[in-house]
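Structure file structure.txt (compact mmCIF, C-alpha atoms and all ligand atoms) is printed below.
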# COMPACT_ATOMS: atom_id res chain seq x y z
CA MET A 1 73.25 98.77 128.59
CA SER A 2 75.59 100.56 126.15
CA ALA A 3 74.88 100.69 122.40
CA LEU A 4 75.70 97.62 120.35
CA SER A 5 78.42 99.49 118.44
CA ASP A 6 80.14 100.45 121.71
CA ARG A 7 80.07 96.88 122.91
CA LEU A 8 81.36 95.72 119.52
CA LYS A 9 84.36 98.04 119.86
CA ALA A 10 85.00 96.81 123.40
CA ARG A 11 84.91 93.20 122.13
CA ALA A 12 87.29 94.16 119.29
CA ARG A 13 89.72 95.57 121.87
CA GLU A 14 89.52 92.31 123.85
CA LEU A 15 90.50 90.50 120.65
CA GLY A 16 93.62 92.69 120.36
CA PHE A 17 92.38 95.26 117.85
CA ALA A 18 93.63 98.57 119.18
CA LEU A 19 91.34 100.48 116.83
CA CYS A 20 87.88 99.66 115.54
CA GLY A 21 85.47 101.80 113.53
CA ILE A 22 82.37 101.41 111.41
CA THR A 23 81.68 102.75 107.94
CA THR A 24 79.15 102.31 105.15
CA PRO A 25 79.62 100.23 101.99
CA ASP A 26 79.26 103.37 99.85
CA PRO A 27 81.73 103.82 96.97
CA PRO A 28 85.09 105.22 98.14
CA PRO A 29 85.32 108.97 97.42
CA HIS A 30 88.94 108.82 96.21
CA LEU A 31 88.44 106.01 93.76
CA GLU A 32 89.48 108.35 90.97
CA ALA A 33 92.94 108.61 92.63
CA TYR A 34 93.26 104.83 92.46
CA GLU A 35 92.30 104.73 88.78
CA ARG A 36 94.80 107.51 88.03
CA TRP A 37 97.48 105.56 89.91
CA LEU A 38 96.83 102.48 87.78
CA ALA A 39 96.68 104.49 84.53
CA GLN A 40 100.13 105.89 85.32
CA GLY A 41 101.46 102.36 85.78
CA ARG A 42 102.53 103.07 89.37
CA HIS A 43 101.46 99.59 90.45
CA GLY A 44 104.36 98.04 88.49
CA SER A 45 104.05 94.27 88.22
CA MET A 46 101.17 93.96 90.76
CA GLY A 47 98.73 93.10 87.97
CA TYR A 48 96.07 91.84 90.39
CA LEU A 49 95.42 95.46 91.41
CA ALA A 50 94.44 96.37 87.84
CA ALA A 51 92.22 93.35 87.09
CA GLU A 52 88.78 94.50 85.95
CA ARG A 53 86.73 92.46 88.42
CA ALA A 54 88.88 93.64 91.34
CA ARG A 55 88.53 97.26 90.21
CA GLU A 56 84.75 97.01 90.02
CA ARG A 57 84.67 95.56 93.52
CA ARG A 58 86.91 98.28 94.92
CA ALA A 59 84.50 100.80 93.43
CA ASP A 60 81.48 99.18 95.11
CA PRO A 61 81.86 96.92 98.16
CA ARG A 62 78.23 95.76 97.65
CA LEU A 63 79.48 93.71 94.71
CA ILE A 64 81.40 91.63 97.29
CA LEU A 65 78.43 91.19 99.65
CA PRO A 66 75.15 92.25 98.02
CA ASP A 67 73.32 92.77 101.34
CA CYS A 68 76.23 94.65 102.88
CA LYS A 69 74.95 97.33 105.25
CA SER A 70 78.10 98.21 107.17
CA ILE A 71 81.84 97.60 107.25
CA VAL A 72 83.78 97.16 110.49
CA VAL A 73 87.42 98.20 110.15
CA VAL A 74 90.01 97.09 112.71
CA ALA A 75 93.70 97.78 113.28
CA LEU A 76 96.18 95.37 114.86
CA PRO A 77 99.37 97.00 116.22
CA HIS A 78 102.84 95.63 115.53
CA SER A 79 106.21 96.56 117.01
CA PRO A 80 107.86 99.84 115.95
CA GLY A 81 110.25 99.77 113.01
CA ASP A 82 113.52 101.61 112.42
CA THR A 83 115.34 103.20 109.50
CA ARG A 84 117.88 100.39 108.98
CA GLY A 85 116.09 97.08 108.59
CA PRO A 86 116.84 94.42 107.56
CA ILE A 87 113.23 93.19 107.95
CA ALA A 88 110.19 95.46 108.25
CA ALA A 89 108.67 95.37 111.74
CA TYR A 90 105.29 94.05 110.61
CA ALA A 91 107.01 90.93 109.22
CA LEU A 92 109.05 89.96 112.29
CA GLY A 93 106.34 87.80 113.88
CA ASP A 94 103.46 85.63 112.70
CA ASP A 95 101.89 86.44 109.34
CA TYR A 96 99.02 88.89 109.92
CA HIS A 97 97.11 87.26 107.07
CA ASP A 98 96.80 84.25 109.43
CA VAL A 99 96.26 86.29 112.62
CA ILE A 100 93.60 88.89 111.72
CA PRO A 101 90.90 86.80 109.92
CA PRO A 102 90.21 84.26 112.73
CA ARG A 103 89.86 87.11 115.22
CA LEU A 104 87.44 88.90 112.89
CA VAL A 105 85.45 85.66 112.64
CA LYS A 106 85.23 85.62 116.46
CA LEU A 107 84.03 89.23 116.39
CA VAL A 108 81.27 88.39 113.88
CA GLU A 109 80.26 85.30 115.89
CA TRP A 110 79.98 87.44 119.01
CA LEU A 111 77.87 89.96 117.09
CA ALA A 112 75.57 87.20 115.78
CA THR A 113 74.94 86.04 119.35
CA GLU A 114 74.20 89.61 120.41
CA VAL A 115 71.63 90.23 117.65
CA GLY A 116 70.25 86.69 117.81
CA ARG A 117 70.61 85.83 114.12
CA PRO A 118 73.32 84.62 111.74
CA ILE A 119 75.18 87.48 110.01
CA ALA A 120 76.14 87.22 106.34
CA HIS A 121 79.70 88.51 106.15
CA LYS A 122 83.00 88.68 104.25
CA ILE A 123 86.33 89.12 105.95
CA TYR A 124 89.46 90.64 104.46
CA THR A 125 92.92 91.74 105.31
CA ASP A 126 95.28 93.09 102.66
CA THR A 127 94.57 90.80 99.74
CA GLY A 128 90.86 91.54 99.20
CA PRO A 129 89.45 93.89 96.56
CA LEU A 130 89.02 96.79 99.00
CA LEU A 131 90.70 100.15 99.37
CA GLU A 132 91.49 99.48 103.00
CA ARG A 133 93.05 102.79 103.96
CA GLU A 134 90.23 104.75 102.42
CA LEU A 135 87.69 102.65 104.39
CA ALA A 136 89.75 103.05 107.57
CA GLN A 137 89.87 106.82 107.14
CA ARG A 138 86.11 106.89 106.58
CA ALA A 139 85.56 104.74 109.68
CA GLY A 140 87.40 107.38 111.74
CA LEU A 141 90.58 105.33 112.37
CA GLY A 142 92.98 107.99 111.12
CA TRP A 143 94.02 110.25 108.26
CA ILE A 144 96.04 109.37 105.15
CA GLY A 145 99.53 110.78 105.68
CA LYS A 146 101.86 112.14 103.02
CA ASN A 147 103.63 108.77 103.20
CA THR A 148 100.20 107.30 102.16
CA LEU A 149 99.84 105.40 105.45
CA LEU A 150 96.80 105.49 107.67
CA ILE A 151 97.89 107.39 110.78
CA ASN A 152 95.91 107.55 114.00
CA PRO A 153 96.42 110.78 115.99
CA LYS A 154 96.72 108.82 119.26
CA ALA A 155 98.65 105.77 118.07
CA GLY A 156 100.67 106.46 114.88
CA SER A 157 100.72 104.06 111.92
CA TYR A 158 102.32 100.80 113.06
CA PHE A 159 99.11 98.88 112.38
CA LEU A 160 97.71 96.32 109.99
CA LEU A 161 94.15 96.71 108.83
CA GLY A 162 91.32 94.20 108.51
CA GLU A 163 87.65 94.49 107.58
CA ALA A 164 84.38 92.63 108.10
CA LEU A 165 81.59 93.39 105.63
CA LEU A 166 78.24 92.71 107.32
CA ASP A 167 74.57 92.47 106.36
CA LEU A 168 73.85 94.26 109.64
CA ASP A 169 73.05 97.94 109.94
CA LEU A 170 75.42 99.58 112.42
CA PRO A 171 75.75 103.35 112.90
CA PRO A 172 78.79 104.64 110.95
CA ASP A 173 81.50 106.55 112.80
CA PRO A 174 82.38 110.06 111.65
CA PRO A 175 85.36 110.06 109.24
CA LEU A 176 88.58 111.59 110.51
CA ALA A 177 88.52 114.70 108.34
CA ALA A 178 91.59 116.55 109.67
CA ASP A 179 95.02 116.25 108.04
CA HIS A 180 97.64 116.27 110.79
CA CYS A 181 100.69 116.27 108.49
CA GLY A 182 100.72 120.06 108.28
CA SER A 183 103.93 121.40 106.72
CA CYS A 184 105.99 118.32 107.71
CA THR A 185 107.85 116.59 104.86
CA ARG A 186 110.06 114.19 106.85
CA CYS A 187 108.88 111.05 105.06
CA LEU A 188 109.35 112.58 101.61
CA ASP A 189 112.83 113.78 102.57
CA ALA A 190 113.85 110.42 104.10
CA CYS A 191 112.62 108.01 101.40
CA PRO A 192 115.86 106.75 99.79
CA THR A 193 114.31 106.03 96.41
CA GLY A 194 112.05 109.06 96.00
CA ALA A 195 109.00 106.78 95.87
CA ILE A 196 106.66 109.16 97.71
CA LEU A 197 104.91 111.49 95.30
CA PRO A 198 103.54 114.92 96.18
CA ASP A 199 99.92 113.85 95.50
CA ARG A 200 99.72 111.54 98.57
CA MET A 201 100.45 108.50 96.48
CA LEU A 202 103.39 106.27 95.92
CA ASP A 203 105.27 105.15 92.86
CA ALA A 204 105.27 101.54 94.02
CA ARG A 205 107.88 100.69 91.38
CA ARG A 206 110.42 102.71 93.37
CA CYS A 207 109.34 101.61 96.86
CA ILE A 208 111.78 99.28 98.67
CA SER A 209 108.81 97.36 100.02
CA TYR A 210 107.73 96.57 96.45
CA LEU A 211 111.28 95.89 95.25
CA THR A 212 111.99 93.43 98.08
CA ILE A 213 108.56 91.72 98.37
CA GLU A 214 106.44 92.04 95.26
CA LEU A 215 108.98 92.27 92.44
CA LYS A 216 109.85 88.79 91.23
CA ASP A 217 112.64 89.74 88.80
CA ALA A 218 115.94 91.56 89.09
CA ILE A 219 116.06 94.73 91.19
CA PRO A 220 116.67 97.55 88.67
CA MET A 221 120.33 98.64 88.63
CA ASP A 222 119.52 102.30 89.29
CA LEU A 223 117.70 101.34 92.54
CA ARG A 224 119.91 98.57 93.95
CA GLN A 225 122.18 100.79 95.97
CA GLN A 226 119.24 102.80 97.30
CA THR A 227 117.58 99.73 98.81
CA GLY A 228 120.32 99.88 101.48
CA GLY A 229 120.20 97.11 104.08
CA TRP A 230 116.53 96.11 103.61
CA VAL A 231 115.82 92.47 102.77
CA PHE A 232 112.04 92.43 103.29
CA GLY A 233 109.89 95.58 103.29
CA CYS A 234 110.89 99.02 104.51
CA ASP A 235 109.89 101.13 107.52
CA ILE A 236 111.78 104.36 106.86
CA CYS A 237 108.78 106.59 106.06
CA GLN A 238 107.08 105.41 109.25
CA ALA A 239 110.17 105.46 111.47
CA VAL A 240 110.83 109.16 110.75
CA CYS A 241 107.19 110.19 111.18
CA PRO A 242 106.75 112.35 114.29
CA TRP A 243 103.42 110.63 115.01
CA ASN A 244 105.20 107.29 115.36
CA LEU A 245 108.10 108.77 117.32
CA ARG A 246 105.58 110.24 119.73
CA PHE A 247 103.72 106.96 120.37
CA ALA A 248 106.49 104.40 119.88
CA GLU A 249 106.86 103.78 123.62
CA SER A 250 103.19 103.69 124.57
CA LEU A 251 102.23 101.33 121.74
CA THR A 252 101.54 97.75 122.84
CA PRO A 253 102.25 95.47 119.89
CA ASP A 254 100.14 92.35 119.50
CA ALA A 255 101.93 89.30 120.92
CA ALA A 256 101.39 87.28 117.72
CA LEU A 257 103.24 89.92 115.70
CA ALA A 258 106.15 90.24 118.16
CA PRO A 259 109.60 89.49 116.70
CA ARG A 260 110.30 85.72 116.58
CA ALA A 261 114.07 85.87 116.39
CA PRO A 262 116.99 88.30 116.54
CA ALA A 263 118.15 89.95 113.29
CA PRO A 264 119.59 87.31 110.93
CA ASP A 265 123.28 86.96 110.06
CA LEU A 266 122.85 87.87 106.41
CA ALA A 267 125.99 86.18 105.10
CA ALA A 268 124.85 82.90 106.66
CA GLU A 269 121.39 83.29 105.09
CA LEU A 270 122.98 82.93 101.66
CA SER A 271 123.49 79.23 102.26
CA LEU A 272 119.83 78.49 103.16
CA SER A 273 118.54 75.52 101.16
CA PRO A 274 114.91 75.65 99.93
CA GLU A 275 113.92 73.30 102.79
CA GLN A 276 115.72 75.42 105.38
CA PHE A 277 114.15 78.60 104.01
CA ASN A 278 110.65 77.08 104.19
CA ALA A 279 111.19 75.79 107.73
CA LYS A 280 112.70 79.06 108.97
CA PHE A 281 109.91 81.25 107.60
CA LYS A 282 106.93 78.95 108.11
CA GLY A 283 103.99 81.13 109.16
CA SER A 284 106.02 84.31 108.58
CA PRO A 285 105.21 87.00 105.99
CA VAL A 286 108.78 86.61 104.67
CA ARG A 287 107.78 83.41 102.87
CA ARG A 288 105.98 85.63 100.34
CA ALA A 289 109.33 86.64 98.82
CA LYS A 290 110.20 82.95 98.30
CA ARG A 291 113.77 81.78 98.72
CA ARG A 292 114.92 83.26 95.42
CA GLY A 293 113.54 86.73 96.21
CA TYR A 294 114.82 86.67 99.79
CA LEU A 295 118.34 85.61 98.81
CA ARG A 296 118.35 88.16 95.97
CA ASN A 297 117.60 90.84 98.61
CA VAL A 298 120.14 89.43 101.08
CA ALA A 299 122.86 89.63 98.43
CA VAL A 300 122.01 93.25 97.61
CA ALA A 301 121.89 94.19 101.31
CA LEU A 302 125.32 92.62 101.85
CA GLY A 303 126.67 94.58 98.89
CA ASN A 304 125.30 97.81 100.33
CA GLY A 305 125.76 97.17 104.00
CA GLY A 306 127.83 98.11 107.00
CA ASP A 307 131.39 99.32 107.29
CA PRO A 308 133.85 98.37 104.52
CA ALA A 309 135.91 96.02 106.77
CA ARG A 310 132.87 93.93 107.71
CA ARG A 311 131.60 94.00 104.17
CA SER A 312 134.74 92.39 102.77
CA LEU A 313 134.19 89.42 105.14
CA CYS A 314 131.02 88.65 103.16
CA VAL A 315 132.81 88.33 99.83
CA PRO A 316 133.53 84.55 100.09
CA ALA A 317 129.85 83.79 100.84
CA LEU A 318 128.76 86.02 97.97
CA GLU A 319 131.31 84.48 95.57
CA ARG A 320 130.05 81.02 96.53
CA ALA A 321 126.43 82.01 95.91
CA ALA A 322 127.40 83.70 92.62
CA ALA A 323 129.00 80.45 91.45
CA THR A 324 126.75 77.75 92.86
CA ASP A 325 123.25 78.98 93.81
CA PRO A 326 120.62 77.05 91.82
CA GLU A 327 118.74 80.29 91.00
CA ALA A 328 120.12 82.52 88.24
CA LEU A 329 118.46 85.51 89.94
CA VAL A 330 120.44 84.90 93.15
CA ARG A 331 123.69 84.26 91.25
CA GLU A 332 123.40 87.55 89.36
CA HIS A 333 122.69 89.65 92.47
CA ALA A 334 125.44 87.92 94.45
CA ARG A 335 127.91 88.66 91.63
CA TRP A 336 126.81 92.31 91.62
CA ALA A 337 127.27 92.54 95.39
CA ALA A 338 130.70 90.84 95.45
CA ASP A 339 131.97 93.08 92.64
CA LYS A 340 130.59 96.18 94.34
CA ILE A 341 132.30 95.38 97.63
CA LYS A 342 135.63 94.81 95.84
CA ARG A 343 135.21 98.04 93.88
CA ASP A 344 134.34 100.04 97.02
CA ALA A 345 137.28 98.62 99.04
C1 LIG A 401 99.60 97.45 96.91
C2 LIG A 401 99.98 97.67 98.35
C3 LIG A 401 101.28 98.08 98.61
C4 LIG A 401 102.22 98.55 97.51
C5 LIG A 401 101.83 99.99 97.10
C6 LIG A 401 101.59 100.91 98.31
C7 LIG A 401 100.87 102.21 98.03
N1 LIG A 401 101.10 103.19 98.87
O1 LIG A 401 100.08 102.33 97.09
C8 LIG A 401 103.61 98.39 98.19
C9 LIG A 401 104.15 97.00 97.91
C10 LIG A 401 104.65 99.42 97.80
C11 LIG A 401 103.19 98.48 99.66
C12 LIG A 401 104.06 98.85 100.67
C13 LIG A 401 103.70 98.91 102.01
N2 LIG A 401 102.55 98.48 102.56
CO1 LIG A 401 101.01 97.92 101.50
N3 LIG A 401 99.38 97.51 100.64
C14 LIG A 401 99.05 97.48 99.40
C15 LIG A 401 97.56 97.14 99.24
C16 LIG A 401 97.41 95.66 98.90
C17 LIG A 401 96.81 97.99 98.22
C18 LIG A 401 97.13 99.50 98.31
C19 LIG A 401 96.62 100.25 97.12
O2 LIG A 401 95.53 99.98 96.64
N4 LIG A 401 97.43 101.19 96.64
C20 LIG A 401 97.00 102.06 95.57
C21 LIG A 401 96.80 103.46 96.12
C22 LIG A 401 96.35 104.41 95.04
O3 LIG A 401 95.79 103.30 97.09
P1 LIG A 401 96.01 103.71 98.61
O4 LIG A 401 97.43 103.85 98.94
O5 LIG A 401 95.17 102.85 99.46
O6 LIG A 401 95.43 105.21 98.52
C23 LIG A 401 94.05 105.54 98.60
C24 LIG A 401 93.87 106.73 99.54
O7 LIG A 401 95.13 107.20 99.95
C25 LIG A 401 93.10 107.72 98.71
N5 LIG A 401 93.50 109.09 98.78
C26 LIG A 401 94.28 109.77 97.95
N6 LIG A 401 94.32 111.05 98.31
C27 LIG A 401 93.54 111.17 99.40
C28 LIG A 401 93.25 112.27 100.19
C29 LIG A 401 92.39 112.09 101.28
C30 LIG A 401 92.06 113.28 102.11
C31 LIG A 401 91.86 110.82 101.58
C32 LIG A 401 90.96 110.61 102.75
C33 LIG A 401 92.20 109.72 100.76
C34 LIG A 401 93.03 109.92 99.69
O8 LIG A 401 93.16 107.37 97.36
C35 LIG A 401 93.59 106.07 97.21
C36 LIG A 401 92.45 105.33 96.60
O9 LIG A 401 91.37 105.26 97.49
C37 LIG A 401 97.04 97.48 100.70
C38 LIG A 401 95.85 96.63 101.17
C39 LIG A 401 94.54 97.08 100.53
N7 LIG A 401 93.81 96.16 99.99
O10 LIG A 401 94.22 98.27 100.56
C40 LIG A 401 98.30 97.24 101.57
C41 LIG A 401 98.50 98.19 102.76
C42 LIG A 401 98.20 99.60 102.30
N8 LIG A 401 99.92 98.07 103.03
C43 LIG A 401 100.26 98.15 104.27
C44 LIG A 401 101.58 98.16 104.77
C45 LIG A 401 101.77 97.91 106.24
C46 LIG A 401 102.66 98.43 103.92
C47 LIG A 401 104.10 98.75 104.32
C48 LIG A 401 104.21 99.62 105.56
C49 LIG A 401 104.87 97.41 104.52
C50 LIG A 401 106.34 97.57 104.84
N9 LIG A 401 106.71 97.93 106.07
O11 LIG A 401 107.17 97.33 104.00
C51 LIG A 401 104.63 99.46 103.05
C52 LIG A 401 104.40 100.97 103.16
C53 LIG A 401 104.72 101.76 101.93
C54 LIG A 401 103.91 103.05 101.89
N10 LIG A 401 104.51 104.17 102.22
O12 LIG A 401 102.71 102.97 101.55
C55 LIG A 401 99.03 98.32 105.15
C56 LIG A 401 98.93 99.78 105.59
C57 LIG A 401 98.56 100.03 107.05
C58 LIG A 401 98.52 101.51 107.34
N11 LIG A 401 98.73 101.87 108.60
O13 LIG A 401 98.29 102.33 106.49
C59 LIG A 401 97.87 97.84 104.16
C60 LIG A 401 96.54 98.55 104.37
C61 LIG A 401 97.74 96.32 104.36
C62 LIG A 401 96.97 95.98 105.62
N12 LIG A 401 95.89 95.22 105.52
O14 LIG A 401 97.31 96.38 106.71
N13 LIG A 401 101.88 98.17 99.82
S1 LIG A 402 108.50 102.17 102.49
FE1 LIG A 402 110.63 102.94 102.23
S2 LIG A 402 110.97 103.07 100.01
FE2 LIG A 402 108.74 102.81 100.36
S3 LIG A 402 107.96 104.91 100.39
FE3 LIG A 402 108.43 104.40 102.51
S4 LIG A 402 110.57 105.11 102.79
FE4 LIG A 402 110.18 105.06 100.60
S1 LIG A 403 106.46 112.18 108.30
FE1 LIG A 403 105.33 114.12 108.39
S2 LIG A 403 104.46 114.39 106.33
FE2 LIG A 403 105.09 112.24 106.51
S3 LIG A 403 103.26 111.18 107.15
FE3 LIG A 403 104.37 111.71 109.04
S4 LIG A 403 103.52 113.71 109.66
FE4 LIG A 403 102.88 113.37 107.55

Can you present the structure in this file as structure tokens?
Amino acid sequence: MSALSDRLKARARELGFALCGITTPDPPPHLEAYERWLAQGRHGSMGYLAAERARERRADPRLILPDCKSIVVVALPHSPGDTRGPIAAYALGDDYHDVIPPRLVKLVEWLATEVGRPIAHKIYTDTGPLLERELAQRAGLGWIGKNTLLINPKAGSYFLLGEALLDLDLPPDPPLAADHCGSCTRCLDACPTGAILPDRMLDARRCISYLTIELKDAIPMDLRQQTGGWVFGCDICQAVCPWNLRFAESLTPDAALAPRAPAPDLAAELSLSPEQFNAKFKGSPVRRAKRRGYLRNVAVALGNGGDPARRSLCVPALERAAATDPEALVREHARWAADKIKRDA
């Protein structure tokens, strides 16, 4: 019979995880990079990343699960993105925060049956106090690209990560030590806002993904035009990456993350009521932006978007939102967009 870790990885594949690796709960070697990133304020308004308790836990996963002996890291593939938007590919289907944890629970339950005892565990995807990419790199899932994403040499980076911390000793996989970016700089050259820094980190405050998802206030004037047609997230630095271009066709996205609907008619989105917004994006990652953030982004995208003739058709919808939307944030961005279109005409 094959080793338990091999059977675990086979079970993970059955559950839809295209990649699965094992690492130790030792402190992450690049923690200092994270602390530097925070000290430079590159996290912007994402205060939860700087909270003391969360920082201590990132530095030592054993503070999360005292008897932690190993960490299983998995990757769930989503459909490929493009350079135009309007919605990042990972957010076109069901919310991965709802999809990954129950499958990880099944994986742990299977493991408990195999070893014949209950397993103390903690499960995370995205929101937990873990440096997920660092753990994934150490578990052999890929290298950290210049765009800061975890890239697998046989599958690219269109994945979402999840982890199970276990009180079970499993043999760690060798980290993926090689850096396959070489002299390529396509992501740095393509990023419209110059968010990618030369030290393999990001100034989140300039990233379109941050501006359209995490930022709750007005999009800074000097960045509005650069956010282009994106209304939720951004895939540009992945879409131009040769490792994604190479594997885009062979990648099988998970069915739960497959796009739910065709691209929205943005002008029509401006008239979504709070109830309609909640119903439309129930179970979708887009709900995170809330109606006010989503409509703020829609207004900006309309102001930036398409050919001038089509753009002018959006002016009445923007004028209406600028005058009547219940949210001041939406009114201000709609006014900006309507004025911009008229100026550009
Ligand atoms: C905050 C956050 C963001 C912020 C900041 C992103 C950033 N690059 O820092 C914003 C909102 C901008 C963002 C955007 C996106 N995000 Co995000 N995000 C996170 C979150 C919650 C924390 C990341 C973090 O701590 N950043 C701080 C920096 C300093 O840490 P880091 O990027 O992990 O970098 C570490 C390593 O790179 C290491 N390091 C530095 N130099 C070196 C050198 C070597 C050799 C090695 C090995 C390591 C190393 O040091 C750092 C500290 O350990 C993680 C989930 C998590 N808990 O980890 C998801 C996560 C990173 N995001 C994810 C995704 C999918 C995205 C988007 C693609 C979404 C989209 N399409 O819009 C974009 C991509 C933007 C980009 N180019 O990174 C995925 C990434 C999957 C992958 N394949 O890598 C994650 C892991 C969520 C998940 N569970 O799947 N995100
Ligand atoms: S997600 Fe978009 S804005 Fe953010 S770093 Fe990548 S290309 Fe730049
Ligand atoms: S685009 Fe080039 S430099 Fe950027 S992550 Fe991909 S391979 Fe690395």

Which residues are near ligand LIG 403 (chain A) in this structure, taking near to mean any atom at most 9 Å from a ligand atom and counting all atoms listed in the file? Format them as a ChimeraX atom specification. /A:144-151,156-157,179-190,237-244

Go ahead and save the residues from that selection, with C-alpha atoms, as a PDB file, keeping the file's coordinate frame.
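Saved to selection.pdb:
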ATOM      1  CA  ILE A 144      96.040 109.370 105.150  1.00  0.00           C
ATOM      2  CA  GLY A 145      99.530 110.780 105.680  1.00  0.00           C
ATOM      3  CA  LYS A 146     101.860 112.140 103.020  1.00  0.00           C
ATOM      4  CA  ASN A 147     103.630 108.770 103.200  1.00  0.00           C
ATOM      5  CA  THR A 148     100.200 107.300 102.160  1.00  0.00           C
ATOM      6  CA  LEU A 149      99.840 105.400 105.450  1.00  0.00           C
ATOM      7  CA  LEU A 150      96.800 105.490 107.670  1.00  0.00           C
ATOM      8  CA  ILE A 151      97.890 107.390 110.780  1.00  0.00           C
ATOM      9  CA  GLY A 156     100.670 106.460 114.880  1.00  0.00           C
ATOM     10  CA  SER A 157     100.720 104.060 111.920  1.00  0.00           C
ATOM     11  CA  ASP A 179      95.020 116.250 108.040  1.00  0.00           C
ATOM     12  CA  HIS A 180      97.640 116.270 110.790  1.00  0.00           C
ATOM     13  CA  CYS A 181     100.690 116.270 108.490  1.00  0.00           C
ATOM     14  CA  GLY A 182     100.720 120.060 108.280  1.00  0.00           C
ATOM     15  CA  SER A 183     103.930 121.400 106.720  1.00  0.00           C
ATOM     16  CA  CYS A 184     105.990 118.320 107.710  1.00  0.00           C
ATOM     17  CA  THR A 185     107.850 116.590 104.860  1.00  0.00           C
ATOM     18  CA  ARG A 186     110.060 114.190 106.850  1.00  0.00           C
ATOM     19  CA  CYS A 187     108.880 111.050 105.060  1.00  0.00           C
ATOM     20  CA  LEU A 188     109.350 112.580 101.610  1.00  0.00           C
ATOM     21  CA  ASP A 189     112.830 113.780 102.570  1.00  0.00           C
ATOM     22  CA  ALA A 190     113.850 110.420 104.100  1.00  0.00           C
ATOM     23  CA  CYS A 237     108.780 106.590 106.060  1.00  0.00           C
ATOM     24  CA  GLN A 238     107.080 105.410 109.250  1.00  0.00           C
ATOM     25  CA  ALA A 239     110.170 105.460 111.470  1.00  0.00           C
ATOM     26  CA  VAL A 240     110.830 109.160 110.750  1.00  0.00           C
ATOM     27  CA  CYS A 241     107.190 110.190 111.180  1.00  0.00           C
ATOM     28  CA  PRO A 242     106.750 112.350 114.290  1.00  0.00           C
ATOM     29  CA  TRP A 243     103.420 110.630 115.010  1.00  0.00           C
ATOM     30  CA  ASN A 244     105.200 107.290 115.360  1.00  0.00           C
TER      31      ASN A 244
END

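Picture a line from CA of Arg138 (chain A) to CA of Pro172 (chain A); it runs 8.8 Å.
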
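If you count all atoms listed in the file and ignore residues fewer than 6 places along the chain from region 256-264 of chain A, what sits within 6 Å of it is His78, Leu92, Gly93 and Asp94 of chain A.
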
Contacts between ligand LIG 402 (chain A) and chain A, please, where a residue of chain A counts if it comes within 7 Å (with all atoms listed in the file); show its shortest atom pair and distance in Å to one decimal, rows by chain and ascending number, as CSV.
residue,atom,partner,partner_atom,distance
A:Asn147,CA,A:LIG402,S3,6.4
A:Cys187,CA,A:LIG402,S4,6.6
A:Ala190,CA,A:LIG402,S4,6.4
A:Cys191,CA,A:LIG402,S4,3.8
A:Pro192,CA,A:LIG402,FE4,6.0
A:Thr193,CA,A:LIG402,S2,5.7
A:Gly194,CA,A:LIG402,FE4,6.4
A:Ala195,CA,A:LIG402,S3,5.0
A:Ile196,CA,A:LIG402,S3,5.2
A:Leu202,CA,A:LIG402,S3,6.5
A:Arg206,CA,A:LIG402,S2,6.7
A:Cys207,CA,A:LIG402,FE2,3.7
A:Ile208,CA,A:LIG402,S2,4.1
A:Ser209,CA,A:LIG402,S1,5.4
A:Gly233,CA,A:LIG402,S1,6.8
A:Cys234,CA,A:LIG402,S1,4.4
A:Asp235,CA,A:LIG402,S1,5.3
A:Ile236,CA,A:LIG402,S4,4.3
A:Cys237,CA,A:LIG402,S4,4.0
A:Gln238,CA,A:LIG402,FE3,6.9

Dump the neighbourhood of ligand LIG 401 (chain A) as a PyMOL selection string: all residues within 7 Å, distances computed on only C-alpha atoms and all ligand atoms. chain A and resi 28+30-31+33-34+37+43+49+88-90+125-134+137+143-144+147-151+157-162+199-202+204+207+209-210+213-214+232-235+237

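Computed from the coordinates, the CA of Arg287 (chain A) to CA of Val99 (chain A) distance equals 15.4 Å.
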
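Reported to one decimal place, the separation of CA of Leu15 (chain A) from CA of Pro102 (chain A) is 10.1 Å.
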
Within 7 Å of Arg292 (chain A), counting all atoms listed in the file, which residues qualify if same-chain residues fewer than 4 places away don't, as a PyMOL selection string? chain A and resi 296+327+329-330

So that I can check the surroundings of Asp60 (chain A), please list as a list in words every protein, DNA and RNA residue that reaches within 8 Å of it, counting all atoms listed in the file and ignoring chain neighbours fewer than 5 positions away. Pro25, Asp26, Pro27 and Pro28 of chain A

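Using only C-alpha atoms for every distance, the candidate list A:Cys20, A:Leu63, A:Ala139, A:Ile87 yields A:Ile87 as the residue closest to Asn297 (chain A).
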
Find the spatial neighbours of region 313-324 of chain A, counting all atoms listed in the file, within a cut-off of 8 Å - ignore same-chain residues fewer than 3 positions away - and output them as a ChimeraX atom specification. /A:267-268,270-271,299,302,309-310,330-335,337-338,341

Counting all atoms listed in the file, find residues at most 8 Å from (94.4, 90.0, 113.5) (file frame) and give them as a list in words. Gly16, Phe17, Ala75, Leu76, Tyr96, His97, Asp98, Val99, Ile100, Pro101, Pro102, Arg103, Leu104, Leu160 and Gly162 of chain A

Contacts of Thr252 (chain A) at 9 Å (all atoms listed in the file; same-chain gap of 3+ positions) as a PyMOL selection string: chain A and resi 18+77-79+248-249+255

Using all atoms listed in the file and a cutoff of 12 Å, can you tell me which residues are near (75.6, 103.1, 115.7) in the file's coordinates, and write them out as a ChimeraX atom specification? /A:2-9,21-24,69-72,139,168-174
